[in-house]
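Q: Contents are compact mmCIF, C-alpha atoms and all ligand atoms; file name entry-v6.txt:
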# COMPACT_ATOMS: atom_id res chain seq x y z
CA MET A 1 -20.73 8.96 -2.41
CA ASN A 2 -22.19 5.89 -0.79
CA THR A 3 -25.57 4.54 0.03
CA MET A 4 -24.91 3.23 3.52
CA THR A 5 -26.97 4.17 6.52
CA ALA A 6 -25.04 6.11 9.14
CA SER A 7 -24.45 4.31 12.40
CA THR A 8 -23.83 5.87 15.76
CA ALA A 9 -21.73 2.89 16.90
CA PRO A 10 -18.05 3.88 17.34
CA PHE A 11 -16.57 1.27 15.03
CA ALA A 12 -18.35 -2.00 15.63
CA PRO A 13 -19.72 -4.00 13.87
CA PRO A 14 -16.77 -4.38 11.46
CA LEU A 15 -16.62 -1.54 8.98
CA LEU A 16 -16.87 -3.69 5.91
CA ALA A 17 -19.69 -5.88 7.20
CA ALA A 18 -22.30 -3.80 5.39
CA GLU A 19 -21.19 -3.58 1.80
CA PRO A 20 -21.14 -0.11 0.31
CA ASP A 21 -22.30 0.28 -3.28
CA ARG A 22 -18.89 -0.15 -4.90
CA THR A 23 -20.07 0.99 -8.30
CA ALA A 24 -20.67 4.43 -6.80
CA PHE A 25 -17.01 5.13 -5.91
CA ARG A 26 -14.72 7.04 -8.25
CA ASP A 27 -17.73 7.99 -10.33
CA TYR A 28 -16.42 10.94 -12.29
CA ALA A 29 -19.81 11.54 -13.89
CA GLN A 30 -21.51 12.72 -10.72
CA PRO A 31 -22.20 16.39 -9.87
CA GLY A 32 -19.08 18.37 -8.87
CA ILE A 33 -17.21 16.82 -11.73
CA GLU A 34 -16.15 20.19 -13.14
CA ARG A 35 -13.96 20.68 -10.07
CA VAL A 36 -12.31 17.32 -10.70
CA ARG A 37 -11.86 18.02 -14.45
CA THR A 38 -10.16 21.33 -13.70
CA PHE A 39 -7.96 19.57 -11.17
CA TYR A 40 -6.80 16.98 -13.71
CA ARG A 41 -6.34 19.55 -16.48
CA ASN A 42 -3.85 21.35 -14.24
CA ASN A 43 -2.25 18.10 -13.14
CA HIS A 44 -1.78 16.59 -16.60
CA GLN A 45 -0.65 19.85 -18.18
CA ASN A 46 2.04 20.55 -15.61
CA GLN A 47 3.40 17.18 -14.46
CA THR A 48 6.40 17.00 -16.79
CA PHE A 49 9.65 15.13 -16.18
CA ASP A 50 11.40 18.40 -15.34
CA PHE A 51 8.60 19.52 -13.05
CA VAL A 52 8.91 16.31 -11.01
CA SER A 53 12.70 16.62 -10.86
CA GLY A 54 12.33 20.13 -9.46
CA LYS A 55 9.79 19.07 -6.86
CA LYS A 56 12.02 16.22 -5.72
CA ALA A 57 14.98 18.55 -5.34
CA ARG A 58 12.88 20.89 -3.24
CA TRP A 59 10.79 18.63 -1.06
CA LEU A 60 13.03 15.60 -0.59
CA ALA A 61 15.52 17.81 1.23
CA PHE A 62 12.96 17.69 4.10
CA ALA A 63 14.04 21.12 5.22
CA GLN A 64 10.68 22.73 5.99
CA ARG A 65 9.96 21.96 9.61
CA GLU A 66 9.61 19.24 12.21
CA MET A 67 6.22 18.02 13.35
CA THR A 68 4.97 15.09 15.36
CA PRO A 69 2.97 12.58 13.33
CA TRP A 70 -0.16 13.62 15.26
CA ASP A 71 0.36 17.31 14.45
CA ALA A 72 0.72 16.43 10.78
CA LEU A 73 -2.48 14.39 10.93
CA ASP A 74 -4.33 17.21 12.68
CA PHE A 75 -3.39 19.53 9.85
CA LEU A 76 -4.94 17.24 7.30
CA ASN A 77 -8.34 17.91 8.82
CA THR A 78 -8.23 21.34 7.20
CA LEU A 79 -7.88 19.87 3.73
CA VAL A 80 -10.64 18.95 1.28
CA ASP A 81 -9.18 16.84 -1.50
CA GLU A 82 -10.26 18.43 -4.82
CA SER A 83 -9.37 15.32 -6.79
CA ASP A 84 -11.70 13.03 -4.92
CA PRO A 85 -15.24 12.82 -6.28
CA ASP A 86 -16.34 10.57 -3.42
CA ILE A 87 -16.01 12.24 -0.06
CA GLU A 88 -16.33 15.40 1.90
CA LEU A 89 -14.96 13.63 4.97
CA PRO A 90 -12.12 15.15 7.00
CA GLN A 91 -8.86 13.46 6.03
CA ILE A 92 -8.27 12.01 9.48
CA SER A 93 -11.68 10.32 9.37
CA HIS A 94 -10.73 8.70 6.08
CA LEU A 95 -7.41 7.56 7.55
CA LEU A 96 -9.02 6.16 10.67
CA GLN A 97 -11.75 4.37 8.73
CA THR A 98 -9.17 2.86 6.40
CA ALA A 99 -6.99 1.70 9.29
CA GLU A 100 -9.87 0.33 11.34
CA ALA A 101 -11.19 -1.65 8.39
CA ILE A 102 -7.72 -3.16 7.94
CA ARG A 103 -7.55 -3.95 11.65
CA ALA A 104 -11.04 -5.49 11.68
CA ASP A 105 -9.87 -7.95 9.03
CA GLY A 106 -7.00 -9.12 11.26
CA HIS A 107 -4.05 -7.80 9.24
CA PRO A 108 -0.60 -7.16 10.80
CA ASP A 109 -0.05 -3.97 12.78
CA TRP A 110 2.23 -2.41 10.15
CA PHE A 111 -0.61 -2.73 7.62
CA VAL A 112 -3.00 -0.99 10.05
CA LEU A 113 -0.47 1.80 10.62
CA THR A 114 -0.01 2.16 6.86
CA GLY A 115 -3.75 2.70 6.55
CA PHE A 116 -3.61 5.35 9.24
CA ILE A 117 -0.79 7.39 7.75
CA HIS A 118 -0.93 6.71 4.00
CA ASP A 119 -2.13 10.22 3.11
CA LEU A 120 0.17 12.06 5.52
CA GLY A 121 2.15 13.39 2.57
CA LYS A 122 -0.74 15.73 1.86
CA VAL A 123 0.92 18.05 4.38
CA LEU A 124 2.63 19.42 1.27
CA CYS A 125 -0.55 21.47 0.88
CA LEU A 126 0.31 23.10 4.21
CA PHE A 127 3.48 24.39 2.62
CA GLY A 128 1.59 26.11 -0.20
CA GLU A 129 1.71 23.44 -2.89
CA PRO A 130 -1.33 23.43 -5.18
CA GLN A 131 -3.50 20.36 -4.78
CA TRP A 132 -2.89 19.23 -8.35
CA ALA A 133 0.77 18.75 -7.35
CA VAL A 134 -0.08 16.78 -4.20
CA VAL A 135 -3.13 14.57 -4.69
CA GLY A 136 -4.90 12.67 -7.46
CA ASP A 137 -3.92 9.62 -9.50
CA THR A 138 -0.23 9.21 -10.33
CA PHE A 139 1.55 7.95 -13.45
CA PRO A 140 5.10 7.66 -14.82
CA VAL A 141 6.73 10.66 -16.45
CA GLY A 142 9.64 10.25 -18.87
CA CYS A 143 7.70 7.93 -21.18
CA ARG A 144 4.42 7.96 -23.09
CA PHE A 145 1.33 8.62 -20.98
CA SER A 146 -1.09 5.71 -20.97
CA ASP A 147 -4.53 6.40 -22.39
CA ARG A 148 -5.90 4.52 -19.36
CA ILE A 149 -4.97 7.39 -17.04
CA VAL A 150 -8.00 9.38 -15.90
CA TYR A 151 -8.77 12.26 -18.34
CA PRO A 152 -6.07 11.24 -20.85
CA GLU A 153 -7.14 14.00 -23.25
CA PHE A 154 -5.48 16.60 -21.02
CA PHE A 155 -2.02 15.18 -21.76
CA GLU A 156 -2.18 17.00 -25.09
CA LEU A 157 -1.43 20.07 -22.98
CA ASN A 158 1.71 18.50 -21.49
CA PRO A 159 4.92 19.53 -23.32
CA ASP A 160 6.43 16.07 -22.71
CA SER A 161 3.83 14.67 -25.12
CA ARG A 162 5.70 16.48 -27.90
CA ASP A 163 9.22 15.73 -26.60
CA ALA A 164 10.91 12.91 -28.53
CA ARG A 165 12.87 11.87 -25.42
CA TYR A 166 9.70 11.19 -23.48
CA ASN A 167 6.87 10.33 -25.85
CA THR A 168 7.74 6.75 -26.82
CA GLU A 169 6.57 3.58 -25.10
CA TYR A 170 9.78 3.29 -23.07
CA GLY A 171 10.94 6.89 -23.18
CA ILE A 172 14.07 7.13 -21.03
CA TYR A 173 13.51 3.70 -19.45
CA SER A 174 14.50 0.15 -20.39
CA PRO A 175 12.29 -2.97 -20.42
CA GLY A 176 11.64 -4.32 -16.92
CA CYS A 177 13.74 -1.62 -15.29
CA GLY A 178 11.53 -1.65 -12.20
CA LEU A 179 9.31 1.06 -10.77
CA ASP A 180 12.02 2.28 -8.40
CA ALA A 181 13.88 3.50 -11.51
CA VAL A 182 10.74 5.15 -12.92
CA GLN A 183 10.02 8.77 -12.08
CA MET A 184 6.38 9.10 -11.04
CA SER A 185 4.25 12.24 -11.29
CA TRP A 186 4.80 14.27 -8.16
CA GLY A 187 2.45 13.93 -5.21
CA HIS A 188 1.88 12.87 -1.63
CA ASP A 189 2.62 9.21 -2.35
CA GLU A 190 6.22 9.67 -3.50
CA TYR A 191 6.89 12.28 -0.83
CA LEU A 192 5.71 10.08 2.05
CA TYR A 193 7.58 7.07 0.67
CA HIS A 194 10.87 8.96 0.87
CA LEU A 195 9.98 10.29 4.31
CA LEU A 196 9.33 6.80 5.70
CA LYS A 197 11.56 4.45 3.72
CA GLY A 198 13.51 2.22 6.08
CA GLN A 199 10.80 2.51 8.75
CA LEU A 200 8.21 0.06 7.46
CA PRO A 201 8.21 -3.37 5.72
CA GLU A 202 8.52 -3.41 1.94
CA PRO A 203 4.83 -4.10 1.19
CA ALA A 204 3.87 -1.09 3.33
CA LEU A 205 6.26 1.11 1.39
CA TYR A 206 4.76 -0.11 -1.89
CA MET A 207 1.27 0.69 -0.62
CA ILE A 208 2.37 4.18 0.35
CA ARG A 209 4.34 4.88 -2.82
CA TYR A 210 1.89 3.49 -5.37
CA HIS A 211 -1.55 3.72 -3.82
CA SER A 212 -2.59 6.44 -6.31
CA PHE A 213 -0.99 4.64 -9.27
CA TYR A 214 -4.37 3.46 -10.60
CA PRO A 215 -3.03 3.04 -14.16
CA TRP A 216 -0.89 0.19 -12.74
CA HIS A 217 -2.81 -1.39 -9.88
CA ARG A 218 -6.25 -1.08 -11.46
CA GLU A 219 -5.78 -0.63 -15.20
CA GLY A 220 -2.90 -3.08 -15.65
CA GLN A 221 -0.74 -0.59 -17.54
CA TYR A 222 3.06 -0.15 -17.48
CA GLY A 223 3.83 -3.87 -17.16
CA HIS A 224 6.68 -3.27 -19.63
CA LEU A 225 8.50 -1.25 -16.94
CA THR A 226 7.90 -3.36 -13.83
CA ASN A 227 10.24 -6.05 -12.45
CA ALA A 228 9.73 -9.14 -10.29
CA GLN A 229 9.83 -7.13 -7.07
CA ASP A 230 7.07 -4.83 -8.31
CA GLU A 231 4.95 -7.74 -9.46
CA ALA A 232 5.35 -9.48 -6.08
CA ASN A 233 4.15 -6.36 -4.29
CA LEU A 234 1.26 -5.53 -6.61
CA GLN A 235 -1.03 -7.82 -4.62
CA TRP A 236 -0.34 -5.72 -1.51
CA VAL A 237 -1.04 -2.46 -3.30
CA ARG A 238 -4.33 -3.89 -4.56
CA LYS A 239 -5.21 -5.24 -1.12
CA PHE A 240 -4.58 -1.82 0.35
CA ASN A 241 -6.62 -0.07 -2.35
CA ALA A 242 -9.77 -1.94 -1.35
CA TYR A 243 -9.53 -0.35 2.10
CA ASP A 244 -8.48 3.07 0.85
CA LEU A 245 -11.42 3.26 -1.51
CA TYR A 246 -14.23 1.32 0.05
CA SER A 247 -13.74 2.31 3.67
CA LYS A 248 -15.10 5.75 2.78
CA ASN A 249 -18.44 5.24 4.45
CA ALA A 250 -20.65 7.03 6.89
CA ARG A 251 -19.80 5.08 10.05
CA PRO A 252 -17.07 7.08 11.68
CA PRO A 253 -14.90 5.41 14.32
CA VAL A 254 -14.16 7.65 17.28
CA LEU A 255 -10.55 8.82 17.33
CA ALA A 256 -10.47 9.65 21.04
CA GLU A 257 -11.30 6.04 21.92
CA LEU A 258 -8.67 4.64 19.59
CA LYS A 259 -5.83 7.09 20.19
CA PRO A 260 -3.92 4.92 22.71
CA TYR A 261 -3.76 2.07 20.18
CA TYR A 262 -2.43 4.35 17.44
CA ASP A 263 -0.02 6.03 19.87
CA ASP A 264 1.54 2.61 20.45
CA LEU A 265 1.70 1.83 16.73
CA MET A 266 3.36 5.13 15.94
CA ALA A 267 5.86 4.66 18.78
CA LYS A 268 6.72 1.23 17.43
CA TYR A 269 7.37 2.26 13.83
CA LEU A 270 7.75 6.03 13.50
CA PRO A 271 10.17 8.61 14.87
CA ALA A 272 8.70 10.91 17.54
CA SER A 273 9.22 13.84 15.23
CA LEU A 274 9.10 13.89 11.44
CA LYS A 275 11.42 16.12 9.41
CA LEU A 276 9.12 17.35 6.69
FE FE B 301 -3.66 9.09 -1.00
FE FE B 302 -6.49 7.59 1.02
Please render this file's structure as structure tokens.
A:
Amino acid sequence: MNTMTASTAPFAPPLLAAEPDRTAFRDYAQPGIERVRTFYRNNHQNQTFDFVSGKKARWLAFAQREMTPWDALDFLNTLVDESDPDIELPQISHLLQTAEAIRADGHPDWFVLTGFIHDLGKVLCLFGEPQWAVVGDTFPVGCRFSDRIVYPEFFELNPDSRDARYNTEYGIYSPGCGLDAVQMSWGHDEYLYHLLKGQLPEPALYMIRYHSFYPWHREGQYGHLTNAQDEANLQWVRKFNAYDLYSKNARPPVLAELKPYYDDLMAKYLPASLKL
């Protein structure tokens, strides 16, 4: 929810010129919260280490179908993200607003493209995955769940909380092992990272892979598992988060006017067809 006045201008003046009320974002106490609570009950109960391993085996084979990036983005317009207390916006509007805000601040083109595609992994919903296994905040599995994860009380329902292999501070991991060695709860972030790794610069891949990892980039948790590479990239994840979160405003840029620019960006960095 935001308090900005809607503008009919396509995307100028710059999207962040008028400051939204930042205290109003991610407010889990607002009406509609029951939907979000139910979402996170399902998520926290079911995201076990074994669950994630199974999802990786299934989805990281990328054996479903081929789609162009634009077709995948078009699909996202049919999705309303149940985990998000802030917006009823079509996904592509969120992506375009995020990207245009990044562009308005003069960032490199790969950063703009990252803004435009960062939620593309939500196409998993197209393949019948429940939303609690696609969207929402992410966290490590295989070690103790932080009490700074949203709705931590629901982890009592997760069998890993009672599994001696997984319920200690380090669980199956070693100090400073690095996030690449840490299995994250399953969702659109991890899926899109694997789909695009090798295509974009390292900071972009960190933004994609960890943009929902609020326990790390906002709450400062899990520092006992990160390494120097993670710490160097944390600033990029945080920089990205400001656009992901606070570009959700009521001043929609017009996709038709901007499509040629994003066509060029996609041609520069992405394959013509994505194996999903
Ligand atoms: Fe996302
Ligand atoms: Fe997003």
Q: What is the distance between atom CA of Pro140 of chain A and atom CA of Gln47 of chain A, in Å to one decimal?
A: 9.7 Å
Q: What does the list of residues within 7 Å of ligand FE 301 (chain B) look like if you count only C-alpha atoms and all ligand atoms, written as a PyMOL selection string?
A: chain A and resi 118-119+135+188-189+211-212
Q: When the cut-off is 12 Å and you count all atoms listed in the file, which residues lie near ligand FE 302 (chain B), shown as a VMD selection string?
A: chain A and resid 76 81 83 to 84 86 to 87 89 to 99 114 to 122 135 to 137 188 to 189 207 to 212 240 to 248
Q: Would you pick out the contacts of segment 175-177 of chain A at 10 Å or less, using only C-alpha atoms, so that residues sharing its chain but fewer than 2 positions from it are not included, and give the list as a PyMOL selection string?
A: chain A and resi 169-170+173+179-182+222-228+230
Q: At what distance in Å, to one decimal, does atom CA of Val237 of chain A lie from atom CA of Leu276 of chain A?
A: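 So the answer is 24.4 Å.
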